[in-house]
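K.L.:
Sending over coords12.txt (compact mmCIF, C-alpha atoms).
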```
# COMPACT_ATOMS: atom_id res chain seq x y z
CA MET A 21 0.00 0.00 0.00
CA GLU A 22 2.75 2.41 0.95
CA SER A 23 4.59 1.71 -2.30
CA MET A 24 1.38 2.49 -4.25
CA GLU A 25 1.12 5.89 -2.52
CA ARG A 26 4.77 6.64 -3.18
CA ALA A 27 4.48 5.58 -6.83
CA LEU A 28 1.60 7.94 -7.59
CA ALA A 29 3.22 10.80 -5.69
CA GLU A 30 6.44 10.23 -7.63
CA ARG A 31 4.63 10.29 -10.99
CA VAL A 32 2.61 13.42 -10.20
CA VAL A 33 4.76 15.53 -7.87
CA HIS A 34 8.36 14.49 -8.54
CA GLY A 35 9.94 16.74 -11.14
CA LEU A 36 7.29 19.47 -11.00
CA ASP A 37 8.87 22.72 -12.15
CA ASP A 38 9.70 24.49 -8.89
CA THR A 39 9.92 27.85 -10.66
CA LEU A 40 6.23 27.83 -11.59
CA ASP A 41 3.65 30.14 -10.02
CA HIS A 42 0.97 28.36 -7.99
CA VAL A 43 -1.59 28.38 -10.84
CA SER A 44 0.81 26.85 -13.36
CA LEU A 45 2.00 24.36 -10.75
CA ARG A 46 -1.55 23.07 -10.26
CA ARG A 47 -2.11 22.89 -14.01
CA GLN A 48 1.01 20.79 -14.45
CA ALA A 49 0.06 18.46 -11.58
CA SER A 50 -3.45 17.94 -12.98
CA SER A 51 -2.06 17.15 -16.41
CA ARG A 52 0.13 14.46 -14.84
CA LEU A 53 -2.69 13.05 -12.73
CA ARG A 54 -4.94 12.55 -15.77
CA GLY A 55 -2.91 9.58 -16.92
CA GLN A 56 -2.87 7.95 -13.49
CA VAL A 57 -6.43 8.17 -12.09
CA ALA A 58 -9.67 8.38 -14.05
CA PHE A 59 -11.76 11.48 -13.36
CA ASP A 60 -14.25 13.60 -15.27
CA LEU A 61 -13.63 16.87 -13.44
CA ALA A 62 -10.81 18.02 -11.18
CA MET A 63 -10.61 21.11 -8.99
CA TRP A 64 -7.25 22.07 -7.48
CA ALA A 65 -7.93 24.77 -4.88
CA VAL A 66 -5.72 26.84 -2.62
CA LEU A 67 -6.86 26.67 1.01
CA ASP A 68 -6.27 29.46 3.48
CA PRO A 69 -4.25 27.66 6.18
CA ALA A 70 -5.76 29.78 8.97
CA THR A 71 -9.43 29.14 8.20
CA ILE A 72 -9.47 26.19 5.72
CA MET A 73 -11.51 28.44 3.41
CA TRP A 74 -11.72 27.35 -0.20
CA GLY A 75 -9.60 29.71 -2.31
CA SER A 76 -9.03 30.09 -6.04
CA CYS A 77 -9.24 26.96 -8.21
CA VAL A 78 -7.54 25.50 -11.21
CA VAL A 79 -10.22 23.47 -13.00
CA ASP A 80 -9.49 20.53 -15.26
CA ASN A 81 -12.17 19.64 -17.84
CA ALA A 82 -14.73 22.21 -16.68
CA PRO A 83 -18.28 21.65 -17.96
CA ARG A 84 -20.22 24.46 -19.61
CA ASP A 85 -22.20 25.17 -16.46
CA PHE A 86 -19.15 25.14 -14.21
CA ASP A 87 -19.92 28.56 -12.70
CA ASP A 88 -23.36 27.33 -11.64
CA LEU A 89 -21.84 24.09 -10.33
CA GLU A 90 -19.20 25.97 -8.35
CA ASP A 91 -21.76 28.37 -6.86
CA ALA A 92 -23.94 25.45 -5.80
CA VAL A 93 -20.98 23.63 -4.22
CA PHE A 94 -20.07 26.74 -2.23
CA GLU A 95 -23.66 27.18 -1.03
CA ASN A 96 -23.59 23.57 0.14
CA GLU A 97 -20.16 23.90 1.76
CA TYR A 98 -20.80 27.05 3.75
CA ARG A 99 -24.57 27.17 4.31
CA ALA A 100 -25.82 23.58 4.47
CA ARG A 101 -25.32 20.47 6.60
CA ASP A 102 -23.70 17.63 4.69
CA VAL A 103 -20.97 15.00 4.74
CA LEU A 104 -17.37 15.17 3.50
CA LYS A 105 -16.95 18.84 4.47
CA LEU A 106 -13.51 20.44 4.29
CA VAL A 107 -13.30 21.19 8.00
CA ASP A 108 -14.05 17.55 8.82
CA LEU A 109 -11.47 16.22 6.38
CA ALA A 110 -8.83 18.70 7.51
CA ALA A 111 -9.34 17.72 11.15
CA GLY A 112 -9.48 13.99 10.44
CA PRO A 113 -8.54 11.60 7.66
CA GLY A 114 -7.57 14.18 5.06
CA ILE A 115 -9.17 12.19 2.24
CA GLY A 116 -12.55 10.62 1.57
CA THR A 117 -15.21 9.90 -1.02
CA LEU A 118 -18.96 10.43 -1.01
CA CYS A 119 -19.60 6.77 -1.69
CA GLY A 120 -17.20 5.83 1.10
CA VAL A 121 -18.60 8.11 3.84
CA THR A 122 -22.20 7.17 2.99
CA GLY A 123 -21.61 3.41 3.00
CA GLY A 124 -22.22 3.13 -0.73
CA ASP A 125 -25.40 5.24 -0.70
CA PRO A 126 -24.30 8.74 -1.82
CA ALA A 127 -27.96 9.82 -2.12
CA ILE A 128 -27.76 10.38 1.65
CA SER A 129 -25.79 13.53 0.80
CA PRO A 130 -27.75 16.66 -0.21
CA ARG A 131 -24.76 17.69 -2.34
CA TYR A 132 -25.03 14.46 -4.29
CA ARG A 133 -28.82 14.63 -4.71
CA GLN A 134 -29.09 18.31 -5.57
CA ILE A 135 -25.81 19.11 -7.34
CA LEU A 136 -23.78 16.13 -8.52
CA ALA A 137 -26.32 13.50 -9.59
CA PRO A 138 -28.35 15.91 -11.79
CA ARG A 139 -25.13 16.60 -13.69
CA GLY A 140 -24.33 12.92 -14.13
CA PHE A 141 -21.61 12.60 -11.47
CA THR A 142 -21.66 9.39 -9.44
CA ASP A 143 -18.88 9.96 -6.88
CA GLU A 144 -16.69 12.68 -5.44
CA LEU A 145 -13.22 12.38 -3.89
CA ARG A 146 -11.72 15.13 -1.74
CA LEU A 147 -8.12 15.29 -0.59
CA VAL A 148 -6.88 18.03 1.74
CA MET A 149 -3.24 18.81 0.95
CA HIS A 150 -1.46 19.13 4.31
CA ASP A 151 2.30 19.63 4.67
CA GLY A 152 2.39 18.39 8.28
CA ARG A 153 1.88 21.86 9.72
CA ALA A 154 -1.03 23.38 7.83
CA ALA A 155 -3.51 22.68 5.04
CA TRP A 156 -2.54 24.50 1.83
CA GLY A 157 -4.67 22.95 -0.87
CA LEU A 158 -7.61 20.78 -1.87
CA LEU A 159 -7.98 18.29 -4.69
CA CYS A 160 -11.59 17.53 -5.59
CA LEU A 161 -12.20 14.84 -8.22
CA LEU A 162 -15.62 14.05 -9.70
CA ARG A 163 -16.39 10.85 -11.58
CA ALA A 164 -19.31 10.19 -13.92
CA GLY A 165 -19.87 6.44 -13.84
CA GLY A 166 -18.72 4.24 -10.97
CA SER A 167 -17.00 5.17 -7.74
CA PHE A 168 -13.43 5.61 -6.49
CA ASP A 169 -12.14 2.35 -5.04
CA ASP A 170 -9.99 1.82 -1.95
CA GLY A 171 -6.84 1.39 -4.01
CA GLU A 172 -7.33 4.74 -5.72
CA VAL A 173 -8.06 6.45 -2.39
CA ASP A 174 -4.93 4.96 -0.82
CA ALA A 175 -2.80 5.96 -3.80
CA LEU A 176 -4.15 9.52 -3.90
CA ALA A 177 -3.62 9.94 -0.15
CA GLY A 178 0.11 9.86 -0.82
CA LEU A 179 -0.14 13.06 -2.88
CA GLY A 180 -1.23 15.17 0.08
CA GLN A 181 2.01 16.04 1.84
CA PRO A 182 4.42 16.32 -1.12
CA PHE A 183 2.05 18.43 -3.18
CA ALA A 184 1.18 20.63 -0.18
CA THR A 185 4.89 21.29 0.28
CA ALA A 186 5.31 22.22 -3.39
CA LEU A 187 2.22 24.45 -3.32
CA ARG A 188 3.32 26.20 -0.12
CA ARG A 189 6.74 26.94 -1.61
CA SER A 190 5.14 28.36 -4.75
CA LEU A 191 2.73 30.55 -2.79
CA VAL A 192 5.37 31.87 -0.42
CA ARG A 193 7.83 32.45 -3.25
CA GLY A 194 5.12 34.29 -5.20
CA ALA A 195 4.45 36.56 -2.25
CA ALA A 196 8.10 37.56 -2.15
CA ASP A 197 8.64 37.73 -5.91
CA VAL A 198 9.56 41.26 -6.90
CA THR A 199 9.84 40.60 -10.63
CA GLY A 200 7.14 41.72 -13.04
CA PRO A 201 4.46 44.13 -11.78
CA ALA A 202 5.37 45.77 -8.47
CA PRO A 203 3.98 43.80 -5.51
CA ALA A 204 3.08 47.07 -3.73
CA GLY A 205 2.88 50.75 -4.51
CA LEU A 206 2.11 54.12 -2.93
CA ILE A 207 -0.78 56.51 -3.65
CA LEU A 208 -0.86 59.99 -2.14
CA ALA A 209 -4.34 61.32 -1.30
CA THR A 210 -6.10 64.02 0.67
CA THR A 211 -7.79 63.12 3.96
CA THR A 212 -11.09 63.05 2.05
CA GLY A 213 -9.73 60.51 -0.43
CA ARG A 214 -8.99 62.67 -3.46
CA ILE A 215 -5.98 61.22 -5.31
CA LEU A 216 -3.09 63.70 -5.52
CA ASP A 217 -0.28 61.58 -6.91
CA MET A 218 0.68 58.01 -7.62
CA ALA A 219 4.15 56.48 -7.46
CA GLU A 220 5.37 54.65 -10.53
CA ASP A 221 5.28 51.26 -8.75
CA ALA A 222 1.59 51.78 -7.89
CA ARG A 223 0.86 52.88 -11.45
CA ARG A 224 2.49 49.74 -12.88
CA LEU A 225 0.60 47.54 -10.43
CA LEU A 226 -2.76 49.15 -11.24
CA ASP A 227 -2.06 48.99 -14.98
CA ALA A 228 -1.45 45.25 -14.63
CA THR A 229 -4.52 44.65 -12.41
CA PRO A 230 -6.92 47.51 -13.16
CA VAL A 231 -9.66 48.55 -10.70
CA ASP A 232 -12.93 49.81 -12.18
CA ASP A 233 -13.26 52.89 -9.94
CA LEU A 234 -10.06 53.58 -8.06
CA PRO A 235 -11.09 57.02 -6.68
CA LEU A 236 -14.11 55.51 -4.91
CA VAL A 237 -11.91 52.84 -3.32
CA ILE A 238 -9.48 55.47 -1.99
CA GLN A 239 -12.40 57.57 -0.70
CA ALA A 240 -13.81 54.53 1.11
CA VAL A 241 -10.49 53.87 2.84
CA ALA A 242 -10.21 57.54 3.82
CA ALA A 243 -13.76 57.54 5.17
CA ARG A 244 -13.07 54.47 7.29
CA ARG A 245 -10.02 56.18 8.77
CA ALA A 246 -11.94 59.40 9.45
CA VAL A 247 -14.44 57.60 11.71
CA GLY A 248 -11.77 55.61 13.53
CA ARG A 249 -12.29 52.31 11.73
CA PRO A 250 -9.37 50.23 10.36
CA ALA A 251 -8.11 52.13 7.31
CA SER A 252 -7.91 49.06 5.07
CA ALA A 253 -10.09 47.80 2.27
CA ALA A 254 -9.95 45.29 -0.56
CA CYS A 255 -11.20 45.49 -4.10
CA PRO A 256 -11.52 42.91 -6.89
CA THR A 257 -9.86 43.83 -10.17
CA ARG A 258 -11.22 43.34 -13.66
CA ASP A 259 -9.22 40.14 -14.08
CA GLY A 260 -10.60 38.64 -10.87
CA ARG A 261 -7.64 39.22 -8.57
CA TRP A 262 -7.77 41.27 -5.40
CA LEU A 263 -5.89 44.36 -4.29
CA ALA A 264 -5.65 45.64 -0.71
CA PHE A 265 -5.41 49.32 0.22
CA HIS A 266 -4.04 50.52 3.59
CA ALA A 267 -3.99 54.21 4.58
CA SER A 268 -1.83 56.00 7.12
CA ALA A 269 -1.26 59.67 7.95
CA LEU A 270 1.48 61.51 6.11
CA GLY A 271 1.36 65.03 7.51
CA ASP A 272 -1.96 66.53 6.40
CA ARG A 273 -2.33 63.88 3.70
CA LEU A 274 -2.86 60.15 3.42
CA ALA A 275 -0.32 57.62 2.22
CA VAL A 276 -2.25 54.68 0.73
CA VAL A 277 -0.29 51.49 0.10
CA VAL A 278 -1.78 49.19 -2.55
CA GLU A 279 -0.71 45.56 -2.74
CA VAL A 280 -1.73 42.31 -4.39
CA VAL A 281 -3.61 39.93 -2.12
CA ARG A 282 -2.68 36.31 -2.70
CA PRO A 283 -5.04 33.46 -1.72
CA HIS A 284 -3.13 32.39 1.39
CA GLN A 285 -2.81 35.99 2.63
CA LEU A 286 -6.51 36.82 2.64
CA ALA A 287 -7.05 35.96 6.31
CA ASP A 288 -4.60 38.71 7.30
CA LEU A 289 -6.55 41.18 5.18
CA VAL A 290 -9.83 40.12 6.82
CA VAL A 291 -8.32 40.77 10.25
CA ARG A 292 -7.16 44.25 9.25
CA SER A 293 -10.34 45.26 7.41
CA ARG A 294 -12.68 44.08 10.19
CA GLY A 295 -10.59 45.46 13.03
CA LEU A 296 -10.30 42.12 14.86
CA THR A 297 -8.15 41.86 17.95
CA PRO A 298 -5.55 39.06 18.06
CA CYS A 299 -7.82 36.98 20.29
CA GLU A 300 -10.84 37.59 18.04
CA GLN A 301 -8.71 36.52 15.08
CA GLU A 302 -7.97 33.21 16.79
CA VAL A 303 -11.64 32.72 17.66
CA LEU A 304 -12.68 33.43 14.05
CA ALA A 305 -10.12 30.96 12.66
CA ALA A 306 -11.22 28.27 15.12
CA VAL A 307 -14.91 28.75 14.25
CA ALA A 308 -14.07 28.59 10.54
CA ARG A 309 -12.26 25.29 11.17
CA GLY A 310 -15.38 23.90 12.86
CA ARG A 311 -14.11 23.86 16.44
CA PRO A 312 -16.83 23.73 19.16
CA ASP A 313 -16.92 26.43 21.84
CA ARG A 314 -15.45 24.32 24.61
CA MET A 315 -12.52 23.23 22.44
CA ILE A 316 -11.84 26.83 21.36
CA ALA A 317 -11.78 27.97 25.00
CA ARG A 318 -9.39 25.15 25.88
CA GLU A 319 -7.08 25.81 22.92
CA LEU A 320 -6.93 29.53 23.72
CA MET A 321 -6.66 28.87 27.46
CA LEU A 322 -9.65 31.09 28.18
CA PRO A 323 -12.68 30.65 30.45
CA GLU A 324 -15.61 29.67 28.25
CA HIS A 325 -17.55 32.83 29.15
CA ALA A 326 -14.57 34.98 28.03
CA MET A 327 -14.35 33.09 24.74
CA GLN A 328 -18.10 33.69 24.26
CA ASP A 329 -17.53 37.42 24.77
CA HIS A 330 -14.89 37.40 22.03
CA LEU A 331 -17.21 35.42 19.76
CA ARG A 332 -20.05 37.91 20.27
CA SER A 333 -17.63 40.72 19.38
CA VAL A 334 -16.69 38.88 16.16
CA PHE A 335 -20.40 38.44 15.37
CA ALA A 336 -20.89 42.19 15.79
CA LYS A 337 -17.96 43.07 13.52
CA PHE A 338 -19.35 40.81 10.79
CA ASP A 339 -22.96 41.89 11.51
CA VAL A 340 -24.13 38.28 11.97
CA GLY A 341 -25.93 36.40 14.71
CA SER A 342 -24.72 32.80 14.49
CA ARG A 343 -21.75 30.60 13.68
CA THR A 344 -23.32 29.51 10.38
CA GLU A 345 -23.88 33.11 9.33
CA LEU A 346 -20.32 34.01 10.37
CA VAL A 347 -18.70 31.25 8.31
CA ALA A 348 -20.91 32.11 5.31
CA ALA A 349 -20.08 35.82 5.60
CA LEU A 350 -16.37 35.09 5.87
CA PHE A 351 -16.40 32.95 2.75
CA PHE A 352 -18.84 34.77 0.49
CA GLU A 353 -17.61 38.29 1.30
CA HIS A 354 -13.89 37.62 1.31
CA PHE A 355 -12.97 34.31 -0.34
CA ALA A 356 -15.62 33.68 -3.00
CA PRO A 357 -14.53 36.69 -5.12
CA LEU A 358 -11.13 35.05 -5.58
CA HIS A 359 -12.88 32.49 -7.77
CA ALA A 360 -13.44 35.09 -10.47
CA ALA A 361 -9.81 34.39 -11.31
CA ASP A 362 -10.25 30.62 -11.60
CA SER A 363 -8.15 28.97 -14.29
CA THR A 364 -9.06 26.04 -16.49
CA VAL A 365 -6.75 23.41 -17.90
```
Starting from the coordinates I provided, produce the structure as structure tokens.
P.N.:
Amino acid sequence: MESMERALAERVVHGLDDTLDHVSLRRQASSRLRGQVAFDLAMWAVLDPATIMWGSCVVDNAPRDFDDLEDAVFENEYRARDVLKLVDLAAGPGIGTLCGVTGGDPAISPRYRQILAPRGFTDELRLVMHDGRAAWGLLCLLRAGGSFDDGEVDALAGLGQPFATALRRSLVRGAADVTGPAPAGLILATTTGRILDMAEDARRLLDATPVDDLPLVIQAVAARRAVGRPASAACPTRDGRWLAFHASALGDRLAVVVEVVRPHQLADLVVRSRGLTPCEQEVLAAVARGRPDRMIARELMLPEHAMQDHLRSVFAKFDVGSRTELVAALFFEHFAPLHAADSTV
């Protein structure tokens, strides 16, 4: 069994081009996997290691209605009760199939009945890519006709750690890569948000990832600062990426730093834009990972009533009233827009 896992990992991960960006890396891995395991659709997603939120995907063999399929999967993942959820896999076995977790009766799953079966899919396999310290990616395979057998599950399980390591390296290297468009730039504005000047690095960055209405974004950041709220905001670009804007005082003006937000960095942006304290950040991450209240209090070494106070504060900052609403707000307001930049193979 162990040799089977190693063999598949060798064929898919060994020799991947370590100079590739994380999108190209996932494309190359999917191309290699096609010849090893039969699937009709593959999604290679980046996971935010802090919250296990589903980030941008590379999609292999996307159907015509993929956008509708993806939207339905996200609704199921973050607003419905079902089996084979990411938080459960990340906290447990790391890999599983719908047929496997339902004892051969996938119709038990609302996702199967409402989303997959109507599109002709008969089984789903999910593998959380974990490097031993954190979850960095997700492989989701769909099959139309038959189910994934135990041998395939065992073989695919061996991909998790080596591919997570490769993906992490690509993401971290990309965050530090200063070639190409500038990773950050400076905009000078009035305290009311009127743009006065723009450094060349900011201009290059905004030319490469244009924003539909930049003045309104700068005004929004300035307005947040004027009322004492965190002076940070994020904005999707026309090509589906995200830029973050952070304002600070510069005499009687504002210095606004603009930077690219990469999938694994989004949790930090959420913390800044929502004004979460360090303890609230930890509570939010634990709730997103599906931890119950008592476990969160124990992990943070807090009395349960104190943890509840922090949780209520997080609810207020997201304008929600329950855990389910909080997780949905976190995903649909901050992570779902990353999927506008999904890539197909």
K.L.:
Pick the closest to Pro312 of chain A from A:Ala92, A:Gln328, A:Thr297, A:Pro230: which is it, counting only C-alpha atoms?
P.N.:
A:Gln328
K.L.:
Which of these residues is nearest to Ser252 of chain A, using only C-alpha atoms: A:Val278, A:Ala308, A:Leu322, A:Val93?
P.N.:
A:Val278
K.L.:
Quick one: residues within 12 Å of Arg153 of chain A, all atoms listed in the file, excluding same-chain residues fewer than 3 positions away - as an NGL selection string?
P.N.:
:A and (69-70 or 110 or 149-150 or 156 or 181 or 184-185 or 188)
K.L.:
Neighbouring residues of Thr142 of chain A were defined as those with any atom within 6 Å, considering all atoms listed in the file; residues of the same chain fewer than 6 positions away were excluded. Please report them as an mmCIF file with C-alpha atoms, in the coordinates of the input.
P.N.:
```
data_model
loop_
_atom_site.group_PDB
_atom_site.id
_atom_site.type_symbol
_atom_site.label_atom_id
_atom_site.label_comp_id
_atom_site.auth_asym_id
_atom_site.auth_seq_id
_atom_site.Cartn_x
_atom_site.Cartn_y
_atom_site.Cartn_z
ATOM 1 C CA ARG A 163 -16.390 10.850 -11.580
ATOM 2 C CA ALA A 164 -19.310 10.190 -13.920
ATOM 3 C CA GLY A 165 -19.870 6.440 -13.840
#
```
K.L.:
Report the distance between atom CA of Gly271 of chain A and atom CA of Gly205 of chain A in Å, rounded to one decimal place.
P.N.:
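Atom-to-atom, atom CA of Gly271 of chain A to atom CA of Gly205 of chain A, that is 18.7 Å.
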K.L.:
Do a neighbour search on Leu304 of chain A at 12 Å with all atoms listed in the file, toss out local chain neighbours closer than 4 positions, and write the hits as JSON, numbers by chain.
P.N.:
{"A": [70, 71, 72, 73, 287, 288, 290, 291, 294, 296, 297, 298, 299, 300, 308, 309, 310, 311, 312, 313, 316, 320, 327, 328, 330, 331, 332, 333, 334, 335, 337, 338, 343, 344, 346, 347, 349, 350, 351]}
K.L.:
Quick one: distance from atom CA of Ala254 of chain A to atom CA of Ala82 of chain A in Å, one decimal?
P.N.:
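Value for the atom CA of Ala254 of chain A-atom CA of Ala82 of chain A distance: 28.6 Å.
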K.L.:
Which residues, written as a PyMOL selection string, have at least one atom at most 10 Å from His34 of chain A, with all atoms listed in the file counted and residues fewer than 2 positions away on the same chain left out?
P.N.:
chain A and resi 27-32+36-37+49+182-183+186
K.L.:
Quick one: everything within 9 Å of Arg26 of chain A, counting all atoms listed in the file, minus sequence neighbours fewer than 6 positions away in the same chain. Send it as a PDB file with C-alpha atoms, keeping the file's coordinate frame.
P.N.:
```
ATOM      1  CA  ALA A 175      -2.800   5.960  -3.800  1.00  0.00           C
ATOM      2  CA  GLY A 178       0.110   9.860  -0.820  1.00  0.00           C
ATOM      3  CA  LEU A 179      -0.140  13.060  -2.880  1.00  0.00           C
TER       4      LEU A 179
END
```
K.L.:
Could you tell me how far atom CA of Arg52 of chain A lies from atom CA of Leu161 of chain A, in Å and to one decimal?
P.N.:
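A separation of 14.0 Å between them.
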K.L.:
Ranking A:Val280, A:Val307, A:Ala111, A:Ala228 by minimum distance to Glu345 of chain A and counting all atoms listed in the file, which one comes first?
P.N.:
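The shortest atom-to-atom distance to Glu345 of chain A comes from A:Val307.
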K.L.:
Counting all atoms listed in the file, which of A:Leu270, A:Ala356, A:Leu225, A:Ala242 gets nearest to Ser76 of chain A?
P.N.:
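Closest to Ser76 of chain A of all the choices is A:Ala356.
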K.L.:
Considering only C-alpha atoms, state which residue in the set A:Ala204, A:His325, A:Phe141, A:Ser190 is at the smallest distance from Leu40 of chain A.
P.N.:
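With only C-alpha atoms as the atom set, the closest residue is A:Ser190.
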K.L.:
For Arg133 of chain A, which residue among A:Met315, A:Ala209, A:Leu118, A:Ala326 is the nearest when counting all atoms listed in the file?
P.N.:
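Ranked by minimum distance to Arg133 of chain A, first place goes to A:Leu118.
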K.L.:
Could you give me the axis-aligned bounding box of segment 38-54 of chain A, with 5 Å of padding per side, as centre plus edge lengths in Å to one decimal, as AutoDock Vina command-line options?
P.N.:
```
--center_x 2.5 --center_y 21.3 --center_z -12.2 --size_x 24.9 --size_y 27.6 --size_z 18.4
```
